[in-house]
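K.L.:
Take this structure first; my questions come after.
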Amino acid sequence: MTMANMDLFKVGKAQRGRTVPTAIAHRALLDKSKLFAKRSIDAKEADLESECQLWAAGALELLAKSQLASIHPCLVVEPHNPNSMLEACGVSTTTKVRTIDASVAYVRLIHTVDNFTTPVMEGCRQLANRRNAELHSGDAACAAMPYDGWEGEFWNAADLILQSMGMDLQEWLGADAKSPKALLKAHRHAEVRAAKQRVKHHASQFKESENGKLGRDKLKVFLAATHNLPINTDLFRYVYSEYWKDECPACKGCGFVAGDLSWEDKAEDQDDADYGDEVIERGYTATEFHCPTCGLALIGGVAIHAADINEEHIKVSIEEISYEPEYGND
């Protein structure tokens with residue numbers, strides 16, 4: 001190893017040894033967001049509406065900063081504070097780290113989280129503003145906002161952020177088969193509200209788009225043409241055994257659905273089968289949906305159901321009868 005390479009090796013080793021403060025560490029922010037989300041659910045179970053919204057606002061802000069910190073801790077510190085920038089790079093300055101406001105974090109997510117559009121960002125900022133008004137003024141900002149006014153925005157934003165980090169609401173909330181019924185119920189409720197809010201956002205955006213502003217007849221022709229699009233399997237996060245088309249609940253164009261085999265059986269009606277053939281029916285359970293027209297994306301059976309997309313797809317095929325080999329007749 002040359003002297004120049006040795007010097008580079010020493011520099012790299014020194015950088016790897018630096019520690020980012022817990023205040024802006026991705027994992028610490030994520031874990032604390034999970035804790036606040038759980039407290040929000042507990043508050044709702046106890047009929048504490050204001051507390052539920054306060055904890056939710058905190059959970060969402062921490063989740064947003066966790067996503068940014070996963071890219072680089074510099075994204076969650078005040079850029080005009082040199083010491084904070086140094087701390088984010090692992091250089092100790094013995095000073096307190098100053099982080100960005102929630103509103104700034106949400107603006108940055110537009111560039112780092114897919115489908116984190118302006119309407120989604122505004123919903124997050126309003127939640128943060130109500131939290132600040134509740135804590136720092138005499139206004140009862142949270143009490144004045146019912147669940148229906150903010151929960152959909154909250155769960156949709158959280159789900160989008162989590163997807164960008166390869167996670168989902170179930171993992172974030174810690175809901176599994178062994179979880180208490182209240183937590184499982186909260187998880188399902190979260191998925192439903194997130195899906196419904198996402199459909200609402202995409203429907204609104206499509207209506208405001210150039211395609212959505214076409215006259216009724218032209219729009220009808222345009223949406224009908226989307227049914228001729230080939231299914232793009234690259235849109236899907238996972239690999240499935242079957243893909244099919246269904247109407248998008250947001251723009252009414254043709255969307256793509258995917259799922260795996262749930263059952264297979266011989267059809268009762270065999271009139272279409274020739275001699276030596278049989279009609280086979282296979283049922284597939286919808287798990288993921290994507291619309292290439294408006295960009296709506298949904299993952300999970302609960303979300304599919306909440307968006308009123310057909311949950312089962314039946315495929316009929318005519319196949320050659322498969323006979324079992326005979327034994328003992330030699």
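Ordering of the structure tokens sets the chain letters (A, B, ...); residue numbers start at 1 within each chain; ligands are numbered from 1 in the order shown.
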I'd like to know which residues of stretch 259-317 of chain A are strand (DSSP E or B) (by DSSP, run on the backbone); could you write them as a PDB file with N, CA and C atoms, in the first residue's frame?

P.N.:
ATOM      1  N   GLY A 259     -52.124 -10.553  -7.485  1.00  0.00           N
ATOM      2  CA  GLY A 259     -52.373 -11.379  -6.310  1.00  0.00           C
ATOM      3  C   GLY A 259     -51.888 -12.793  -6.537  1.00  0.00           C
ATOM      4  N   ASP A 260     -52.058 -13.616  -5.537  1.00  0.00           N
ATOM      5  CA  ASP A 260     -51.615 -15.014  -5.608  1.00  0.00           C
ATOM      6  C   ASP A 260     -52.808 -15.959  -5.576  1.00  0.00           C
ATOM      7  N   LEU A 261     -52.562 -17.176  -5.990  1.00  0.00           N
ATOM      8  CA  LEU A 261     -53.611 -18.196  -6.068  1.00  0.00           C
ATOM      9  C   LEU A 261     -54.157 -18.518  -4.677  1.00  0.00           C
ATOM     10  N   SER A 262     -55.483 -18.504  -4.550  1.00  0.00           N
ATOM     11  CA  SER A 262     -56.113 -18.839  -3.268  1.00  0.00           C
ATOM     12  C   SER A 262     -56.904 -20.143  -3.351  1.00  0.00           C
ATOM     13  N   TRP A 263     -57.392 -20.496  -4.550  1.00  0.00           N
ATOM     14  CA  TRP A 263     -58.084 -21.776  -4.717  1.00  0.00           C
ATOM     15  C   TRP A 263     -58.097 -22.184  -6.189  1.00  0.00           C
ATOM     16  N   GLU A 264     -58.288 -23.466  -6.420  1.00  0.00           N
ATOM     17  CA  GLU A 264     -58.356 -24.030  -7.777  1.00  0.00           C
ATOM     18  C   GLU A 264     -59.343 -25.183  -7.777  1.00  0.00           C
ATOM     19  N   ASP A 265     -60.207 -25.213  -8.815  1.00  0.00           N
ATOM     20  CA  ASP A 265     -61.234 -26.262  -8.843  1.00  0.00           C
ATOM     21  C   ASP A 265     -61.691 -26.506 -10.277  1.00  0.00           C
ATOM     22  N   LYS A 266     -62.272 -27.653 -10.494  1.00  0.00           N
ATOM     23  CA  LYS A 266     -62.858 -27.997 -11.783  1.00  0.00           C
ATOM     24  C   LYS A 266     -64.216 -27.314 -11.892  1.00  0.00           C
ATOM     25  N   ASP A 277     -60.302 -32.656 -22.632  1.00  0.00           N
ATOM     26  CA  ASP A 277     -60.012 -31.404 -21.942  1.00  0.00           C
ATOM     27  C   ASP A 277     -60.988 -31.198 -20.794  1.00  0.00           C
ATOM     28  N   GLU A 278     -60.691 -30.229 -19.947  1.00  0.00           N
ATOM     29  CA  GLU A 278     -61.595 -29.843 -18.865  1.00  0.00           C
ATOM     30  C   GLU A 278     -61.450 -28.347 -18.569  1.00  0.00           C
ATOM     31  N   VAL A 279     -62.516 -27.749 -18.041  1.00  0.00           N
ATOM     32  CA  VAL A 279     -62.516 -26.328 -17.692  1.00  0.00           C
ATOM     33  C   VAL A 279     -62.086 -26.192 -16.233  1.00  0.00           C
ATOM     34  N   ILE A 280     -61.034 -25.425 -16.014  1.00  0.00           N
ATOM     35  CA  ILE A 280     -60.492 -25.220 -14.672  1.00  0.00           C
ATOM     36  C   ILE A 280     -60.684 -23.759 -14.263  1.00  0.00           C
ATOM     37  N   GLU A 281     -61.154 -23.537 -13.041  1.00  0.00           N
ATOM     38  CA  GLU A 281     -61.308 -22.197 -12.482  1.00  0.00           C
ATOM     39  C   GLU A 281     -60.278 -21.992 -11.373  1.00  0.00           C
ATOM     40  N   ARG A 282     -59.619 -20.837 -11.410  1.00  0.00           N
ATOM     41  CA  ARG A 282     -58.650 -20.498 -10.371  1.00  0.00           C
ATOM     42  C   ARG A 282     -58.988 -19.126  -9.790  1.00  0.00           C
ATOM     43  N   GLY A 283     -58.980 -19.043  -8.469  1.00  0.00           N
ATOM     44  CA  GLY A 283     -59.279 -17.789  -7.796  1.00  0.00           C
ATOM     45  C   GLY A 283     -58.019 -17.155  -7.226  1.00  0.00           C
ATOM     46  N   TYR A 284     -57.853 -15.858  -7.474  1.00  0.00           N
ATOM     47  CA  TYR A 284     -56.681 -15.122  -6.991  1.00  0.00           C
ATOM     48  C   TYR A 284     -57.130 -13.994  -6.070  1.00  0.00           C
ATOM     49  N   THR A 285     -56.444 -13.830  -4.950  1.00  0.00           N
ATOM     50  CA  THR A 285     -56.777 -12.783  -3.990  1.00  0.00           C
ATOM     51  C   THR A 285     -55.940 -11.542  -4.264  1.00  0.00           C
ATOM     52  N   ALA A 286     -56.616 -10.418  -4.469  1.00  0.00           N
ATOM     53  CA  ALA A 286     -55.928  -9.158  -4.782  1.00  0.00           C
ATOM     54  C   ALA A 286     -55.114  -8.671  -3.594  1.00  0.00           C
ATOM     55  N   THR A 287     -53.860  -8.309  -3.850  1.00  0.00           N
ATOM     56  CA  THR A 287     -52.966  -7.854  -2.788  1.00  0.00           C
ATOM     57  C   THR A 287     -52.336  -6.497  -3.088  1.00  0.00           C
ATOM     58  N   GLU A 288     -52.223  -6.151  -4.378  1.00  0.00           N
ATOM     59  CA  GLU A 288     -51.566  -4.884  -4.725  1.00  0.00           C
ATOM     60  C   GLU A 288     -52.255  -4.274  -5.946  1.00  0.00           C
ATOM     61  N   PHE A 289     -52.350  -2.945  -5.969  1.00  0.00           N
ATOM     62  CA  PHE A 289     -53.018  -2.229  -7.064  1.00  0.00           C
ATOM     63  C   PHE A 289     -52.187  -1.032  -7.490  1.00  0.00           C
ATOM     64  N   HIS A 290     -52.117  -0.805  -8.809  1.00  0.00           N
ATOM     65  CA  HIS A 290     -51.433   0.365  -9.344  1.00  0.00           C
ATOM     66  C   HIS A 290     -52.214   0.902 -10.534  1.00  0.00           C
ATOM     67  N   ALA A 297     -51.534   3.954  -5.823  1.00  0.00           N
ATOM     68  CA  ALA A 297     -50.897   2.687  -5.468  1.00  0.00           C
ATOM     69  C   ALA A 297     -51.398   2.240  -4.107  1.00  0.00           C
ATOM     70  N   LEU A 298     -51.831   0.986  -4.021  1.00  0.00           N
ATOM     71  CA  LEU A 298     -52.330   0.419  -2.774  1.00  0.00           C
ATOM     72  C   LEU A 298     -51.716  -0.958  -2.578  1.00  0.00           C
ATOM     73  N   ILE A 299     -51.334  -1.243  -1.337  1.00  0.00           N
ATOM     74  CA  ILE A 299     -50.731  -2.540  -1.025  1.00  0.00           C
ATOM     75  C   ILE A 299     -51.443  -3.150   0.182  1.00  0.00           C
ATOM     76  N   GLU A 312     -61.290 -10.439  -5.372  1.00  0.00           N
ATOM     77  CA  GLU A 312     -61.035 -11.763  -5.945  1.00  0.00           C
ATOM     78  C   GLU A 312     -61.137 -11.711  -7.465  1.00  0.00           C
ATOM     79  N   HIS A 313     -60.227 -12.390  -8.104  1.00  0.00           N
ATOM     80  CA  HIS A 313     -60.219 -12.494  -9.565  1.00  0.00           C
ATOM     81  C   HIS A 313     -60.268 -13.971  -9.924  1.00  0.00           C
ATOM     82  N   ILE A 314     -61.213 -14.322 -10.790  1.00  0.00           N
ATOM     83  CA  ILE A 314     -61.364 -15.720 -11.198  1.00  0.00           C
ATOM     84  C   ILE A 314     -60.935 -15.863 -12.653  1.00  0.00           C
ATOM     85  N   LYS A 315     -60.014 -16.753 -12.875  1.00  0.00           N
ATOM     86  CA  LYS A 315     -59.500 -17.006 -14.223  1.00  0.00           C
ATOM     87  C   LYS A 315     -59.948 -18.397 -14.665  1.00  0.00           C
ATOM     88  N   VAL A 316     -60.548 -18.460 -15.849  1.00  0.00           N
ATOM     89  CA  VAL A 316     -61.065 -19.724 -16.392  1.00  0.00           C
ATOM     90  C   VAL A 316     -60.177 -20.148 -17.564  1.00  0.00           C
ATOM     91  N   SER A 317     -59.784 -21.406 -17.565  1.00  0.00           N
ATOM     92  CA  SER A 317     -58.948 -21.911 -18.651  1.00  0.00           C
ATOM     93  C   SER A 317     -59.354 -23.333 -19.007  1.00  0.00           C
TER      94      SER A 317
END

K.L.:
Write out, as CSV, each residue of stretch 141-238 of chain A that has an atom at most 9 Å from stretch 46-49 of chain A, together with the closest pair of atoms and their distance in Å to one decimal, counting only C-alpha atoms, rows going by chain and rising number.

P.N.:
residue,atom,partner,partner_atom,distance
A:Cys142,CA,A:Glu49,CA,7.7
A:Ala143,CA,A:Glu49,CA,6.7
A:Met145,CA,A:Glu49,CA,9.0
A:Pro146,CA,A:Glu49,CA,7.8
A:Tyr147,CA,A:Glu49,CA,7.7

K.L.:
Using only N, CA, C and O atoms, please write the residues we just selected to a file, as a CSV table (one decimal), in the first residue's frame.

P.N.:
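Ended up saving to selection-v2.csv:
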chain,number,residue,atom,x,y,z
A,142,CYS,N,-56.8,21.2,18.9
A,142,CYS,CA,-57.0,19.8,18.7
A,142,CYS,C,-58.4,19.4,19.0
A,142,CYS,O,-59.0,18.6,18.3
A,143,ALA,N,-58.9,19.9,20.1
A,143,ALA,CA,-60.3,19.6,20.5
A,143,ALA,C,-61.3,20.0,19.5
A,143,ALA,O,-62.4,19.4,19.4
A,145,MET,N,-61.0,19.8,16.3
A,145,MET,CA,-60.9,19.0,15.1
A,145,MET,C,-61.2,17.6,15.4
A,145,MET,O,-60.5,16.9,16.1
A,146,PRO,N,-62.3,17.1,14.9
A,146,PRO,CA,-62.7,15.7,15.1
A,146,PRO,C,-61.8,14.7,14.4
A,146,PRO,O,-61.1,15.1,13.5
A,147,TYR,N,-61.9,13.4,14.7
A,147,TYR,CA,-61.1,12.4,14.1
A,147,TYR,C,-61.2,12.4,12.6
A,147,TYR,O,-60.2,12.3,11.9

K.L.:
Please compute the atom CA of A:Val257-atom CA of A:Ala203 distance, one decimal, in Å.

P.N.:
18.1 Å

K.L.:
When DSSP is applied to the backbone of this structure, which of stretch 85-219 of chain A are assigned alpha helix (DSSP H)? Write them out as a ChimeraX atom specification.

P.N.:
/A:85-88,102-112,118-136,151-164,169-173,181-208,216-219

K.L.:
Would you tabulate, counting only C-alpha atoms, all residues of stretch 41-104 of chain A that have an atom at most 9 Å from an atom of stretch 149-173 of chain A, showing the closest pair of atoms and their distance in Å to one decimal, sorted by chain then ascending number, as JSON lines?

P.N.:
{"residue": "A:Gln53", "atom": "CA", "partner": "A:Trp150", "partner_atom": "CA", "distance": 8.3}
{"residue": "A:Ala56", "atom": "CA", "partner": "A:Phe154", "partner_atom": "CA", "distance": 7.5}
{"residue": "A:Ala57", "atom": "CA", "partner": "A:Phe154", "partner_atom": "CA", "distance": 8.1}
{"residue": "A:Ala59", "atom": "CA", "partner": "A:Ala158", "partner_atom": "CA", "distance": 8.9}
{"residue": "A:Leu60", "atom": "CA", "partner": "A:Ala158", "partner_atom": "CA", "distance": 6.4}
{"residue": "A:Leu63", "atom": "CA", "partner": "A:Ala158", "partner_atom": "CA", "distance": 7.4}
{"residue": "A:Ala64", "atom": "CA", "partner": "A:Ile161", "partner_atom": "CA", "distance": 6.8}
{"residue": "A:Gln67", "atom": "CA", "partner": "A:Met165", "partner_atom": "CA", "distance": 6.9}
{"residue": "A:Ser70", "atom": "CA", "partner": "A:Met165", "partner_atom": "CA", "distance": 8.2}

K.L.:
Check which residues of stretch 34-96 of chain A sit at most 7 Å from stretch 27-30 of chain A using only C-alpha atoms, and return one row each with the closest pair of atoms and their distance in Å to one decimal, ordered by chain and rising number, as CSV.

P.N.:
residue,atom,partner,partner_atom,distance
A:Lys34,CA,A:Leu30,CA,6.4
A:Leu62,CA,A:Leu29,CA,5.6
A:Leu63,CA,A:Leu30,CA,5.7
A:Lys65,CA,A:Leu29,CA,6.9
A:Ser66,CA,A:Leu29,CA,5.1

K.L.:
Given the choices A:Glu208, A:Thr19, A:Glu191, A:Thr293, which gets closest to A:Phe222 if the distance is worked out from only C-alpha atoms?

P.N.:
A:Thr293

K.L.:
Excluding A:Arg108 and any residue of its chain fewer than 6 positions from it, enumerate the residues within 12 Å of it, using only C-alpha atoms, and give them as a PyMOL selection string.

P.N.:
chain A and resi 64-65+67-69+71+75-76+100-102+114+116-118+121+161

K.L.:
Counting only C-alpha atoms, which residue out of A:Ser84, A:His201, A:Ala186, A:Trp244 sits closest to A:Leu229?

P.N.:
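Ranked by minimum distance to A:Leu229, first place goes to A:Trp244.
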
K.L.:
With only C-alpha atoms as the basis for distance, which of A:Val120, A:Leu214, A:Ala194, A:Ala267 is at the shortest distance from A:Asp148?

P.N.:
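Using only C-alpha atoms, A:Asp148 sits closest to A:Ala194.
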
K.L.:
With only C-alpha atoms as the atoms that count, which of A:Cys294, A:Val91, A:Ala250, A:Ala128 lies nearest to A:Val104?

P.N.:
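When distances to A:Val104 are compared using only C-alpha atoms, the smallest one comes from A:Ala128.
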
K.L.:
Using only C-alpha atoms, which protein or nucleic acid residues come within 8 Å of A:Arg188? Drop anything in the same chain fewer than 4 positions from it, and give the result as a list in words.

P.N.:
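Once the adjacent positions are removed, what remains is Leu184, Val192 and Val302 of chain A.
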
K.L.:
What gap, in Å, lies between atom CA of A:Ser204 and atom CA of A:Tyr238?

P.N.:
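Computing the Euclidean distance for atom CA of A:Ser204 and atom CA of A:Tyr238 yields 27.6 Å.
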
K.L.:
Got a sec: who's within 9 Å of A:Asn129, counting only C-alpha atoms, leaving out chain neighbours fewer than 5 positions off, as a PyMOL selection string?

P.N.:
chain A and resi 103+124+134+141

K.L.:
With only C-alpha atoms as the atoms that count, which of A:Asp269, A:Thr95, A:Glu210, A:Ala105 lies nearest to A:Arg125?

P.N.:
A:Ala105

K.L.:
Measuring between only C-alpha atoms, which one of A:Ala182, A:Cys291, A:Ala225, A:Ala258 shows the shortest distance to A:Glu311?

P.N.:
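Of all the options, A:Ala258 lies closest to A:Glu311.
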